[in-house]
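Coordinates as given in query.cif (mmCIF, C-alpha atoms):
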data_upload
#
loop_
_atom_site.label_atom_id
_atom_site.label_comp_id
_atom_site.auth_asym_id
_atom_site.auth_seq_id
_atom_site.Cartn_x
_atom_site.Cartn_y
_atom_site.Cartn_z
CA MET A 1 0.00 0.00 0.00
CA LYS A 2 2.84 2.26 1.02
CA THR A 3 4.66 1.56 -2.24
CA LEU A 4 1.51 2.15 -4.26
CA THR A 5 0.87 5.50 -2.58
CA LYS A 6 4.50 6.44 -3.13
CA SER A 7 4.32 5.56 -6.82
CA LEU A 8 1.06 7.45 -7.27
CA VAL A 9 2.44 10.56 -5.63
CA ILE A 10 5.55 10.50 -7.78
CA LEU A 11 3.50 9.85 -10.89
CA THR A 12 1.17 12.76 -10.18
CA LEU A 13 4.09 15.07 -9.62
CA LEU A 14 5.80 14.06 -12.80
CA ILE A 15 2.89 14.46 -15.19
CA PRO A 16 3.55 18.13 -15.99
CA PHE A 17 7.05 17.31 -17.14
CA GLY A 18 5.90 15.47 -20.22
CA CYS A 19 7.18 16.21 -23.73
CA MET A 20 10.84 15.90 -22.86
CA SER A 21 13.03 13.08 -24.08
CA PRO A 22 13.06 10.18 -21.65
CA LYS A 23 16.26 8.53 -20.44
CA ASP A 24 16.76 4.79 -20.36
CA GLY A 25 17.63 2.52 -17.49
CA GLY A 26 17.39 2.74 -13.72
CA ASN A 27 14.67 1.45 -11.45
CA ALA A 28 11.19 2.93 -11.51
CA GLU A 29 11.74 5.41 -8.73
CA ASN A 30 15.10 6.62 -10.00
CA LYS A 31 13.72 6.84 -13.49
CA ALA A 32 10.77 8.85 -12.25
CA LEU A 33 13.05 11.22 -10.41
CA ASN A 34 15.39 11.43 -13.37
CA ASP A 35 12.50 12.27 -15.63
CA SER A 36 11.57 15.19 -13.46
CA LEU A 37 13.43 18.42 -13.11
CA LEU A 38 16.89 17.31 -14.10
CA ASN A 39 15.77 15.81 -17.37
CA VAL A 40 13.90 18.91 -18.34
CA GLN A 41 17.41 19.77 -19.42
CA ASP A 42 17.66 16.90 -21.95
CA ILE A 43 17.18 17.63 -25.62
CA GLU A 44 13.78 18.91 -26.65
CA TYR A 45 12.41 18.75 -30.16
CA LEU A 46 10.58 21.92 -31.09
CA ILE A 47 7.91 21.80 -33.71
CA PRO A 48 6.84 25.08 -35.26
CA SER A 49 3.11 25.78 -35.02
CA PRO A 50 0.87 25.19 -38.09
CA SER A 51 0.59 28.99 -38.50
CA GLU A 52 4.34 29.35 -38.75
CA VAL A 53 4.78 26.49 -41.23
CA ILE A 54 1.83 27.53 -43.42
CA SER A 55 3.02 31.12 -43.41
CA VAL A 56 6.49 30.02 -44.57
CA ILE A 57 5.11 27.68 -47.24
CA ARG A 58 2.76 30.43 -48.45
CA ASP A 59 5.80 32.63 -48.99
CA GLN A 60 7.32 29.80 -51.01
CA GLY A 61 4.35 29.83 -53.40
CA LEU A 62 1.51 27.93 -51.71
CA VAL A 63 -1.78 28.86 -53.35
CA TYR A 64 -5.10 29.15 -51.56
CA ASN A 65 -7.94 26.70 -51.97
CA SER A 66 -10.63 26.87 -49.30
CA LYS A 67 -12.18 23.59 -50.48
CA ILE A 68 -9.37 21.33 -49.35
CA VAL A 69 -9.73 21.84 -45.60
CA SER A 70 -11.41 19.25 -43.42
CA PRO A 71 -15.19 19.87 -43.40
CA ILE A 72 -16.68 20.67 -40.01
CA GLN A 73 -18.28 17.64 -38.40
CA PRO A 74 -20.53 18.04 -35.38
CA ALA A 75 -18.45 17.44 -32.26
CA LYS A 76 -20.80 14.67 -31.06
CA GLU A 77 -19.89 12.58 -34.10
CA TYR A 78 -16.44 11.88 -32.70
CA THR A 79 -17.03 8.86 -30.58
CA LEU A 80 -13.48 8.19 -29.47
CA TYR A 81 -11.28 10.44 -27.40
CA ARG A 82 -8.29 9.84 -29.71
CA SER A 83 -10.39 10.84 -32.75
CA GLN A 84 -11.50 14.03 -31.01
CA ALA A 85 -7.90 14.93 -30.22
CA LEU A 86 -6.50 14.07 -33.66
CA ASN A 87 -9.26 16.03 -35.41
CA PHE A 88 -8.83 18.92 -33.01
CA GLY A 89 -5.25 19.15 -34.32
CA VAL A 90 -6.52 18.96 -37.91
CA TYR A 91 -8.91 21.88 -37.29
CA LEU A 92 -6.16 23.92 -35.63
CA SER A 93 -4.16 23.69 -38.86
CA ASP A 94 -7.23 24.53 -40.95
CA LEU A 95 -7.86 27.57 -38.78
CA SER A 96 -4.23 28.66 -39.23
CA TYR A 97 -4.61 28.18 -42.98
CA PHE A 98 -7.69 30.45 -43.09
CA MET A 99 -6.03 33.06 -40.92
CA ILE A 100 -2.79 33.13 -42.87
CA PHE A 101 -4.77 33.48 -46.12
CA GLU A 102 -7.09 36.07 -44.55
CA ASP A 103 -10.31 34.14 -45.10
CA GLN A 104 -12.11 35.72 -42.16
CA SER A 105 -15.55 34.13 -42.51
CA ASN A 106 -14.17 30.59 -42.57
CA ALA A 107 -11.72 31.43 -39.78
CA ILE A 108 -14.66 32.41 -37.54
CA ARG A 109 -16.55 29.19 -38.32
CA TYR A 110 -13.52 27.05 -37.49
CA LEU A 111 -12.70 29.11 -34.43
CA TYR A 112 -16.12 28.35 -32.93
CA HIS A 113 -15.82 24.69 -33.82
CA ILE A 114 -12.41 24.48 -32.16
CA GLN A 115 -13.84 26.12 -29.06
CA GLU A 116 -16.63 23.50 -28.98
CA LEU A 117 -14.13 20.64 -29.36
CA SER A 118 -11.86 22.12 -26.70
CA VAL A 119 -14.74 21.81 -24.20
CA ILE A 120 -15.19 18.12 -25.07
CA LEU A 121 -11.46 17.54 -24.68
CA ASN A 122 -11.53 19.45 -21.41
CA ILE A 123 -8.88 21.91 -22.53
CA GLU A 124 -11.08 24.97 -22.88
CA GLU A 125 -8.95 26.75 -20.28
CA TYR A 126 -6.21 26.89 -22.93
CA PHE A 127 -8.53 28.92 -25.13
CA SER A 128 -9.55 31.80 -22.94
CA ASP A 129 -12.22 34.29 -23.99
CA GLU A 130 -9.39 36.78 -24.24
CA PHE A 131 -7.80 34.59 -26.92
CA PHE A 132 -11.01 34.37 -28.96
CA ASN A 133 -11.86 38.03 -28.55
CA LYS A 134 -8.36 39.04 -29.60
CA LEU A 135 -8.69 36.99 -32.78
CA LEU A 136 -12.26 38.03 -33.53
CA SER A 137 -11.58 41.72 -33.06
CA ASN A 138 -8.65 41.61 -35.45
CA LEU A 139 -10.09 39.55 -38.27
CA SER A 140 -10.11 42.54 -40.58
CA ASN A 141 -6.53 43.46 -39.80
CA PRO A 142 -4.34 40.88 -41.58
CA ASP A 143 -0.93 41.94 -40.24
CA THR A 144 -2.08 42.14 -36.63
CA LEU A 145 -4.03 38.92 -37.07
CA LYS A 146 -0.97 37.11 -38.37
CA ALA A 147 1.09 38.30 -35.39
CA ILE A 148 -1.69 37.35 -32.94
CA SER A 149 -2.24 34.02 -34.64
CA LEU A 150 1.46 33.16 -34.48
CA GLU A 151 1.76 34.35 -30.90
CA GLN A 152 -1.42 32.61 -29.72
CA SER A 153 -0.62 29.31 -31.38
CA SER A 154 2.84 29.53 -29.86
CA LEU A 155 1.36 30.14 -26.41
CA PHE A 156 -1.18 27.36 -26.89
CA PHE A 157 1.42 24.78 -27.81
CA SER A 158 3.78 25.84 -25.02
CA LYS A 159 0.91 25.74 -22.50
CA MET A 160 -0.11 22.35 -23.82
CA GLN A 161 3.36 21.03 -23.19
CA SER A 162 3.00 21.88 -19.54
CA MET A 163 -0.54 20.57 -19.22
CA GLY A 164 0.73 17.11 -18.43
CA ASN A 165 -1.41 14.91 -20.66
CA LYS A 166 1.40 13.69 -22.89
CA ASP A 167 -0.83 11.52 -25.06
CA LEU A 168 -3.29 14.32 -25.70
CA VAL A 169 -0.50 16.72 -26.64
CA LEU A 170 0.98 14.15 -29.01
CA LEU A 171 -2.41 13.40 -30.60
CA ILE A 172 -3.20 17.07 -31.19
CA THR A 173 0.32 17.71 -32.51
CA THR A 174 0.03 14.69 -34.83
CA GLY A 175 -3.34 15.83 -36.22
CA ALA A 176 -1.96 19.33 -36.76
CA MET A 177 1.23 18.02 -38.40
CA VAL A 178 -0.64 15.73 -40.80
CA GLU A 179 -3.07 18.48 -41.83
CA THR A 180 -0.22 20.99 -42.30
CA LEU A 181 1.55 18.51 -44.59
CA TYR A 182 -1.70 17.80 -46.42
CA LEU A 183 -2.51 21.48 -46.99
CA SER A 184 1.03 22.29 -48.07
CA LEU A 185 1.33 19.37 -50.49
CA ASN A 186 -2.11 19.54 -52.03
CA VAL A 187 -2.13 23.15 -53.02
CA MET A 188 1.15 22.87 -54.85
CA GLU A 189 0.31 23.11 -58.51
CA ASN A 190 -0.15 19.72 -60.09
CA LYS A 191 2.76 19.84 -62.50
CA SER A 192 6.42 18.91 -62.55
CA ILE A 193 8.25 20.05 -59.48
CA ASP A 194 10.17 23.30 -59.70
CA ASP A 195 12.58 25.08 -57.35
CA ARG A 196 9.81 26.50 -55.20
CA ILE A 197 8.14 23.15 -54.68
CA THR A 198 11.52 21.57 -53.93
CA GLU A 199 12.19 24.29 -51.37
CA SER A 200 8.80 23.70 -49.72
CA VAL A 201 9.33 19.94 -49.61
CA ILE A 202 12.74 20.45 -47.98
CA SER A 203 11.19 22.77 -45.36
CA LEU A 204 8.45 20.21 -44.66
CA ALA A 205 11.06 17.44 -44.40
CA MET A 206 12.98 19.42 -41.75
CA VAL A 207 9.84 20.17 -39.73
CA TYR A 208 8.76 16.53 -39.98
CA ASP A 209 12.20 15.39 -38.84
CA ASN A 210 11.74 17.29 -35.55
CA PHE A 211 8.17 16.04 -35.21
CA TYR A 212 9.23 12.43 -35.79
CA SER A 213 12.09 12.69 -33.29
CA TYR A 214 9.69 14.12 -30.72
CA MET A 215 7.12 11.41 -31.39
CA SER A 216 9.71 8.63 -31.21
CA THR A 217 10.98 9.73 -27.81
CA SER A 218 7.48 9.77 -26.30
CA PRO A 219 5.38 7.41 -28.42
CA PHE A 220 1.63 6.78 -28.13
CA GLN A 221 0.71 4.77 -25.05
CA ASP A 222 -2.53 3.54 -26.65
CA SER A 223 -1.87 0.37 -28.66
CA ASN A 224 -4.84 1.25 -30.90
CA LEU A 225 -2.57 3.89 -32.37
CA ASN A 226 0.14 1.46 -33.52
CA LYS A 227 -1.22 1.62 -37.06
CA LEU A 228 -1.02 5.43 -37.03
CA PHE A 229 2.57 5.22 -35.79
CA THR A 230 3.45 2.82 -38.63
CA ASP A 231 1.82 5.14 -41.17
CA LEU A 232 3.75 8.13 -39.80
CA GLN A 233 6.94 6.05 -40.07
CA GLU A 234 6.14 5.52 -43.74
CA VAL A 235 6.04 9.30 -44.27
CA ARG A 236 9.41 9.58 -42.54
CA ASP A 237 10.78 6.84 -44.83
CA ILE A 238 9.62 8.73 -47.93
CA PHE A 239 11.37 11.89 -46.71
CA THR A 240 14.47 9.80 -45.97
CA SER A 241 14.41 8.39 -49.51
CA MET A 242 14.73 11.97 -50.82
CA TYR A 243 18.32 11.98 -49.51
CA ILE A 244 18.24 15.63 -48.48
CA LYS A 245 21.81 16.49 -47.46
CA GLN A 246 22.70 19.96 -46.43
CA VAL A 247 25.99 21.60 -45.55
CA SER A 248 26.01 25.18 -44.37
CA THR A 249 28.72 27.76 -43.93
CA SER A 250 28.44 30.64 -41.53
CA ILE A 251 29.90 34.08 -42.00
CA ARG A 252 29.88 36.75 -39.32
CA LYS A 253 28.52 40.11 -40.50
CA GLU A 254 28.57 42.73 -37.74
CA ASN A 255 26.14 41.40 -35.11
CA ASP A 256 24.62 38.75 -37.31
CA VAL A 257 25.56 35.34 -38.61
CA VAL A 258 24.77 34.68 -42.25
CA LEU A 259 24.13 31.04 -43.11
CA THR A 260 24.62 29.89 -46.67
CA SER A 261 23.65 26.31 -47.41
CA GLU A 262 24.35 23.87 -50.15
CA VAL A 263 21.67 21.24 -50.54
CA ASN A 264 21.83 17.96 -52.39
CA HIS A 265 18.69 15.91 -52.78
CA GLN A 266 16.90 13.36 -54.90
CA ILE A 267 13.45 14.94 -54.76
CA ASN A 268 11.46 14.06 -57.86
CA ASP A 269 7.86 13.95 -59.08
CA PHE A 270 7.46 10.32 -58.13
CA LEU A 271 8.56 10.84 -54.51
CA VAL A 272 6.45 13.97 -54.06
CA GLU A 273 3.43 12.11 -55.41
CA LYS A 274 4.19 9.16 -53.13
CA LEU A 275 4.40 11.54 -50.18
CA LYS A 276 1.06 13.13 -51.10
CA ILE A 277 -0.65 9.75 -51.36
CA SER A 278 0.73 8.63 -48.01
CA VAL A 279 -0.21 11.88 -46.22
CA ASN A 280 -3.67 11.94 -47.84
CA ARG A 281 -4.35 8.41 -46.65
CA ILE A 282 -3.36 9.17 -43.06
CA ARG A 283 -5.43 12.33 -43.11
CA GLU A 284 -8.45 10.49 -44.47
CA ASN A 285 -8.10 7.85 -41.77
CA ILE A 286 -7.99 10.56 -39.11
CA ILE A 287 -11.05 12.37 -40.46
CA ASN A 288 -13.02 9.14 -40.84
CA GLN A 289 -12.00 7.98 -37.37
CA ARG A 290 -10.26 4.84 -38.58
CA TYR A 291 -7.42 4.98 -36.05
CA MET B 1 14.64 6.25 3.86
CA ARG B 2 11.27 7.85 4.67
CA LYS B 3 12.92 11.19 5.39
CA GLN B 4 14.75 11.02 2.09
CA PHE B 5 11.50 10.27 0.29
CA ILE B 6 9.75 13.24 1.89
CA ILE B 7 12.66 15.50 0.91
CA GLN B 8 12.43 14.26 -2.66
CA ILE B 9 8.69 14.89 -2.75
CA LEU B 10 9.09 18.39 -1.33
CA PHE B 11 11.82 19.07 -3.82
CA LEU B 12 9.61 17.93 -6.70
CA LEU B 13 6.67 20.00 -5.45
CA LEU B 14 8.83 23.10 -5.35
CA ALA B 15 10.29 22.30 -8.74
CA LYS B 16 6.82 21.80 -10.18
CA ALA B 17 5.62 25.15 -8.85
CA ALA B 18 8.71 26.92 -10.15
CA PHE B 19 8.42 25.20 -13.50
CA ALA B 20 4.83 26.43 -13.85
CA GLN B 21 5.92 29.96 -13.01
CA CYS B 22 8.35 29.87 -15.90
CA ASN B 23 5.57 29.56 -18.47
CA ASN B 24 5.85 32.53 -20.80
CA TYR B 25 9.00 33.82 -19.13
CA HIS B 26 10.25 34.50 -22.65
CA LEU B 27 7.55 37.18 -22.88
CA SER B 28 8.69 38.93 -19.70
CA TYR B 29 10.12 42.42 -19.65
CA ASN B 30 13.79 41.45 -19.36
CA CYS B 31 13.53 39.15 -22.38
CA ARG B 32 12.13 41.76 -24.73
CA PRO B 33 14.13 42.88 -27.71
CA SER B 34 14.55 46.60 -28.28
CA PRO B 35 11.94 48.20 -30.58
CA SER B 36 14.52 48.51 -33.35
CA GLU B 37 15.48 44.83 -33.01
CA ALA B 38 11.83 43.75 -33.02
CA LYS B 39 10.83 45.82 -36.03
CA ASP B 40 8.67 43.82 -38.46
CA MET B 41 9.46 40.61 -36.59
CA TYR B 42 7.10 37.87 -35.46
CA LEU B 43 7.49 35.78 -32.35
CA SER B 44 8.24 32.21 -33.38
CA SER B 45 6.24 29.38 -31.89
CA GLN B 46 9.59 27.75 -31.18
CA SER B 47 10.35 30.31 -28.45
CA ARG B 48 10.99 28.64 -25.11
CA SER B 49 10.66 29.18 -21.39
CA VAL B 50 12.33 26.62 -19.16
CA TYR B 51 13.42 26.17 -15.56
CA LEU B 52 17.12 25.41 -15.43
CA GLU B 53 19.79 24.54 -12.92
CA ALA B 54 23.00 26.58 -13.03
CA GLN B 55 25.86 24.95 -14.89
CA VAL B 56 23.70 22.16 -16.31
CA PRO B 57 23.34 22.40 -20.09
CA TYR B 58 19.93 22.48 -21.75
CA LYS B 59 19.54 21.49 -25.41
CA PHE B 60 16.81 21.86 -27.95
CA GLN B 61 16.51 21.18 -31.63
CA MET B 62 14.65 23.63 -33.87
CA THR B 63 13.99 24.51 -37.48
CA LEU B 64 15.32 27.73 -39.00
CA PHE B 65 13.33 28.41 -42.16
CA GLY B 66 15.02 29.64 -45.31
CA LYS B 67 15.13 33.28 -46.48
CA MET B 68 14.51 34.57 -42.96
CA ASP B 69 16.17 36.88 -40.48
CA TYR B 70 16.15 35.41 -36.98
CA LYS B 71 16.89 37.00 -33.64
CA ILE B 72 17.45 34.63 -30.72
CA ILE B 73 17.57 36.14 -27.24
CA PHE B 74 18.63 34.42 -24.00
CA CYS B 75 17.53 35.81 -20.66
CA ALA B 76 17.42 34.69 -17.03
CA GLU B 77 17.36 36.08 -13.52
CA LYS B 78 20.18 38.53 -12.95
CA LYS B 79 22.53 36.47 -10.80
CA PHE B 80 22.61 33.60 -13.31
CA TYR B 81 24.47 35.55 -15.97
CA PRO B 82 26.51 35.08 -18.04
CA ILE B 83 24.58 32.62 -20.17
CA HIS B 84 26.71 30.49 -22.44
CA TYR B 85 25.14 29.17 -25.64
CA THR B 86 26.11 27.50 -28.86
CA ILE B 87 24.17 27.03 -32.09
CA THR B 88 25.14 23.96 -34.09
CA GLU B 89 24.04 22.54 -37.42
CA LYS B 90 22.33 19.21 -36.72
CA ALA B 91 23.39 17.48 -39.93
CA THR B 92 27.12 18.20 -39.68
CA GLY B 93 27.69 19.02 -36.02
CA LYS B 94 29.34 22.23 -37.11
CA ILE B 95 29.13 25.09 -34.59
CA PHE B 96 27.72 28.22 -36.24
CA PHE B 97 28.02 30.42 -33.22
CA ASP B 98 29.48 30.20 -29.73
CA ASN B 99 28.86 33.29 -27.63
CA LYS B 100 31.92 32.47 -25.51
CA ASP B 101 33.94 33.96 -28.38
CA ASP B 102 31.81 37.08 -28.23
CA THR B 103 31.89 38.11 -24.55
CA PHE B 104 28.77 36.03 -23.84
CA VAL B 105 26.54 38.33 -25.87
CA GLU B 106 22.90 37.68 -24.94
CA SER B 107 21.34 37.75 -28.39
CA ILE B 108 22.33 36.83 -31.89
CA GLY B 109 20.90 37.43 -35.34
CA PHE B 110 20.84 34.81 -38.07
CA SER B 111 20.08 35.18 -41.76
CA THR B 112 19.31 31.97 -43.59
CA ASP B 113 19.05 31.17 -47.27
CA LYS B 114 17.80 27.59 -46.84
CA THR B 115 15.77 25.82 -44.19
CA THR B 116 18.02 24.06 -41.71
CA ILE B 117 17.84 22.25 -38.38
CA VAL B 118 20.00 23.52 -35.55
CA VAL B 119 20.72 22.33 -32.04
CA VAL B 120 20.86 25.08 -29.45
CA GLU B 121 22.64 24.39 -26.18
CA CYS B 122 22.60 26.86 -23.32
CA THR B 123 24.07 26.86 -19.83
CA LEU B 124 23.60 29.30 -16.99
CA LEU B 125 27.17 29.96 -15.89
CA ALA B 126 26.16 32.09 -12.90
CA GLU B 127 29.80 33.02 -12.42
CA LYS B 128 29.37 35.39 -9.52
CA ALA B 129 26.47 33.69 -7.80
CA LYS B 130 26.59 32.04 -4.39
CA PHE B 131 23.87 29.52 -3.71
CA ASP B 132 22.61 28.93 -0.19
CA ASP B 133 20.63 25.79 -0.89
CA ILE B 134 19.49 23.45 -3.65
CA ARG B 135 16.44 25.55 -4.58
CA ASP B 136 18.55 28.59 -5.02
CA ASN B 137 20.57 27.45 -8.02
CA ARG B 138 17.70 27.37 -10.51
CA SER B 139 16.25 30.07 -12.66
CA CYS B 140 13.63 30.59 -15.32
CA VAL B 141 15.24 31.03 -18.68
CA GLY B 142 13.48 32.70 -21.58
CA ILE B 143 14.47 32.18 -25.18
CA PRO B 144 12.31 34.36 -27.41
CA ILE B 145 12.93 33.64 -31.07
CA MET B 146 11.87 36.36 -33.50
CA TYR B 147 11.83 36.13 -37.25
CA ARG B 148 10.91 38.00 -40.40
CA LYS B 149 11.21 37.45 -44.10
CA ILE B 150 14.48 38.83 -45.42
CA PRO B 151 13.45 42.16 -46.94
CA LYS B 152 13.88 42.39 -50.68
CA THR B 153 16.52 44.84 -51.79
CA GLY B 154 17.09 46.40 -55.19
CA PHE B 155 14.71 45.89 -58.09
#
What does the file become when written as structure tokens?
Amino acid sequence: MKTLTKSLVILTLLIPFGCMSPKDGGNAENKALNDSLLNVQDIEYLIPSPSEVISVIRDQGLVYNSKIVSPIQPAKEYTLYRSQALNFGVYLSDLSYFMIFEDQSNAIRYLYHIQELSVILNIEEYFSDEFFNKLLSNLSNPDTLKAISLEQSSLFFSKMQSMGNKDLVLLITTGAMVETLYLSLNVMENKSIDDRITESVISLAMVYDNFYSYMSTSPFQDSNLNKLFTDLQEVRDIFTSMYIKQVSTSIRKENDVVLTSEVNHQINDFLVEKLKISVNRIRENIINQRY
Amino acid sequence: MRKQFIIQILFLLLAKAAFAQCNNYHLSYNCRPSPSEAKDMYLSSQSRSVYLEAQVPYKFQMTLFGKMDYKIIFCAEKKFYPIHYTITEKATGKIFFDNKDDTFVESIGFSTDKTTIVVVECTLLAEKAKFDDIRDNRSCVGIPIMYRKIPKTGF
């Protein structure tokens, strides 16, 4: 009984330190203690928010198509907790997409839907009224909206990391990552790849690399998600098969460092198409609650 | 054994409370860039706030997108300065910047032409600090990361 109480207390205390890379070895108690404060100082994998990625890809030539986002489904139609969380992430990316492309009316619709889902997921406290009001009152001001959207999504993800529910954070992040990839890949013009598409694919590969490292160090606890994990591995394998190799040189210019990179890769139409098919399939499985 | 356990629990409780307080430390007054530094810049979602022990390195891996100007700022409570940090290319392990060679400057600008992954490592050196007990040698650290598209020049 004593041991059980002890374990429970330690477990409860450690929950908010999720999202960091775990260390191997040691007995349960030592591991638990290791995973706490000291290991906050292990390596962390930072994933840029959907707003940041979509904004960068837009600058690289992403075109807007409001029809490709995930259609709003009534919140009650998500029967499983993991489906709610995955789709919540999908809608977060869709919202970012609308905001970055200044589609205010759709942004409002998705904003309300996200608020509704956040109540079901019990994370409404991470979306304060202040957050919604700030967004709503700036919908007609694109520059301010972009800054708010970037800042708010940054705050949301950093708050989420300290909320403690590691699985929920990972599910939302996964949904958001898959939808960001989907949006970025499917609005690239359907023709032979050019420099801009290559550049976007390289950026997505780098972001995915960090996401995959993060996911691998704290994988899903729910065995029902093994299939999703395997599918996400397949995406990583496609990126790996592009052999993106980069060597950078740095030059100091006054107070700044200028990085110039040389990139070698084997990105081609076939691999980009393969990537699209793989991402589209995962996304469809998420939306149709097949995981 | 029991006493040791209670000490560990108390320690974790304090650490947990302090960790929570560090949320958004990167947005605090002493982490803010000057208005001229922040001009036209957005706050990256990769900005961090963490609770660190002096002289223990903290590492994170992040994406620097191409064709961007970045400004990375490191800040902590006063007595924990200087802060030592390095920025290394993940793929090659090559160090792009080590602020030890630059009198431990607290911020650095980066201009990138291609997207790249870097590993940032920072340590609170706290050279002049004297710590009375174990709780005393930890500080919130803020790492705001700002970015903007490289402005076009010429025609």
Using all atoms listed in the file, determine which residues lie at most 6 Å from segment 54-65 of chain B, disregarding the query and same-chain residues fewer than 5 positions distant; provide the list as an MDAnalysis selection string. (chainID A and resid 41 43:46) or (chainID B and resid 115:125 137:138)
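Between atom CA of Leu183 of chain A and atom CA of Thr79 of chain A there is a distance of 25.3 Å.
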A:Ile120, A:Leu136, A:Val169, A:Ala205: which is nearest Leu181 of chain A, counting all atoms listed in the file?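 The shortest atom-to-atom distance to Leu181 of chain A comes from A:Ala205.
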When you draw a straight line from atom CA of Pro74 of chain A to atom CA of Leu225 of chain A, how long is it in Å? 23.1 Å
I would like the residues chosen by the PyMOL selection byres ((chain B and resi 52) around 6) on the shown file; could you give them as a PyMOL selection string? chain B and resi 51+53+138-139
Report, in Å with one decimal, the straight-line distance from atom CA of Leu62 of chain A to atom CA of Ser184 of chain A. 6.7 Å
For segment 256-259 of chain A, work out the shell of residues within 8 Å, counting all atoms listed in the file and skipping chain neighbours fewer than 3 positions away, then give it as a PyMOL selection string. (chain A and resi 248-253) or (chain B and resi 96-97+108-113)
I'd like the contact shell of Ser49 of chain B - 9 Å cut-off, all atoms listed in the file, skipping same-chain residues fewer than 4 positions apart - returned as JSON, numbers by chain. {"A": [158], "B": [22, 23, 24, 25, 26, 27, 140, 141, 142, 143, 144]}
Can you pull out every residue within 9 Å of Tyr78 of chain A, counting only C-alpha atoms, but drop anything in the same chain fewer than 5 positions away, and send it as a PyMOL selection string? chain A and resi 73+83-84+87+289
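Distances from A:Met242, A:Ile72, A:Tyr97, A:Lys159 to Gln21 of chain B were compared using only C-alpha atoms, and the smallest one belongs to A:Lys159.
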List the residues matched by the PyMOL selection byres ((chain A and resi 167) around 10) in the displayed structure as a ChimeraX atom specification, ordered by chain and then by residue number. /A:18-19,82,85,164-166,168-173,218-222
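Among the candidates B:Tyr29, B:Tyr147, B:Tyr42, B:Tyr81, the one nearest to chain A when counting all atoms listed in the file is B:Tyr42.
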Expected selection from the PyMOL selection byres ((chain A and resi 102-119) around 10), given as JSON, numbers by chain: {"A": [64, 66, 71, 72, 73, 74, 75, 76, 78, 84, 85, 87, 88, 89, 90, 91, 92, 94, 95, 96, 97, 98, 99, 100, 101, 120, 121, 122, 123, 124, 125, 126, 127, 128, 129, 132, 135, 136, 138, 139, 140, 141, 142, 143, 145, 146]}
Please work out which residues fall within 9 Å of (13.7, 40.8, -16.1), coordinates as given in the file, with only C-alpha atoms counting, and return them as number ranges by chain. B: 25, 28-32, 75-78
Just checking: using only C-alpha atoms, which residue out of B:Pro35, B:Lys128, B:Lys100, B:Ile150 ends up closest to chain A? B:Ile150
Out of A:Arg283, A:Arg58, A:Ser216, A:Glu179, which residue has the shortest atom-to-atom distance to Gln233 of chain A when counting only C-alpha atoms? A:Ser216
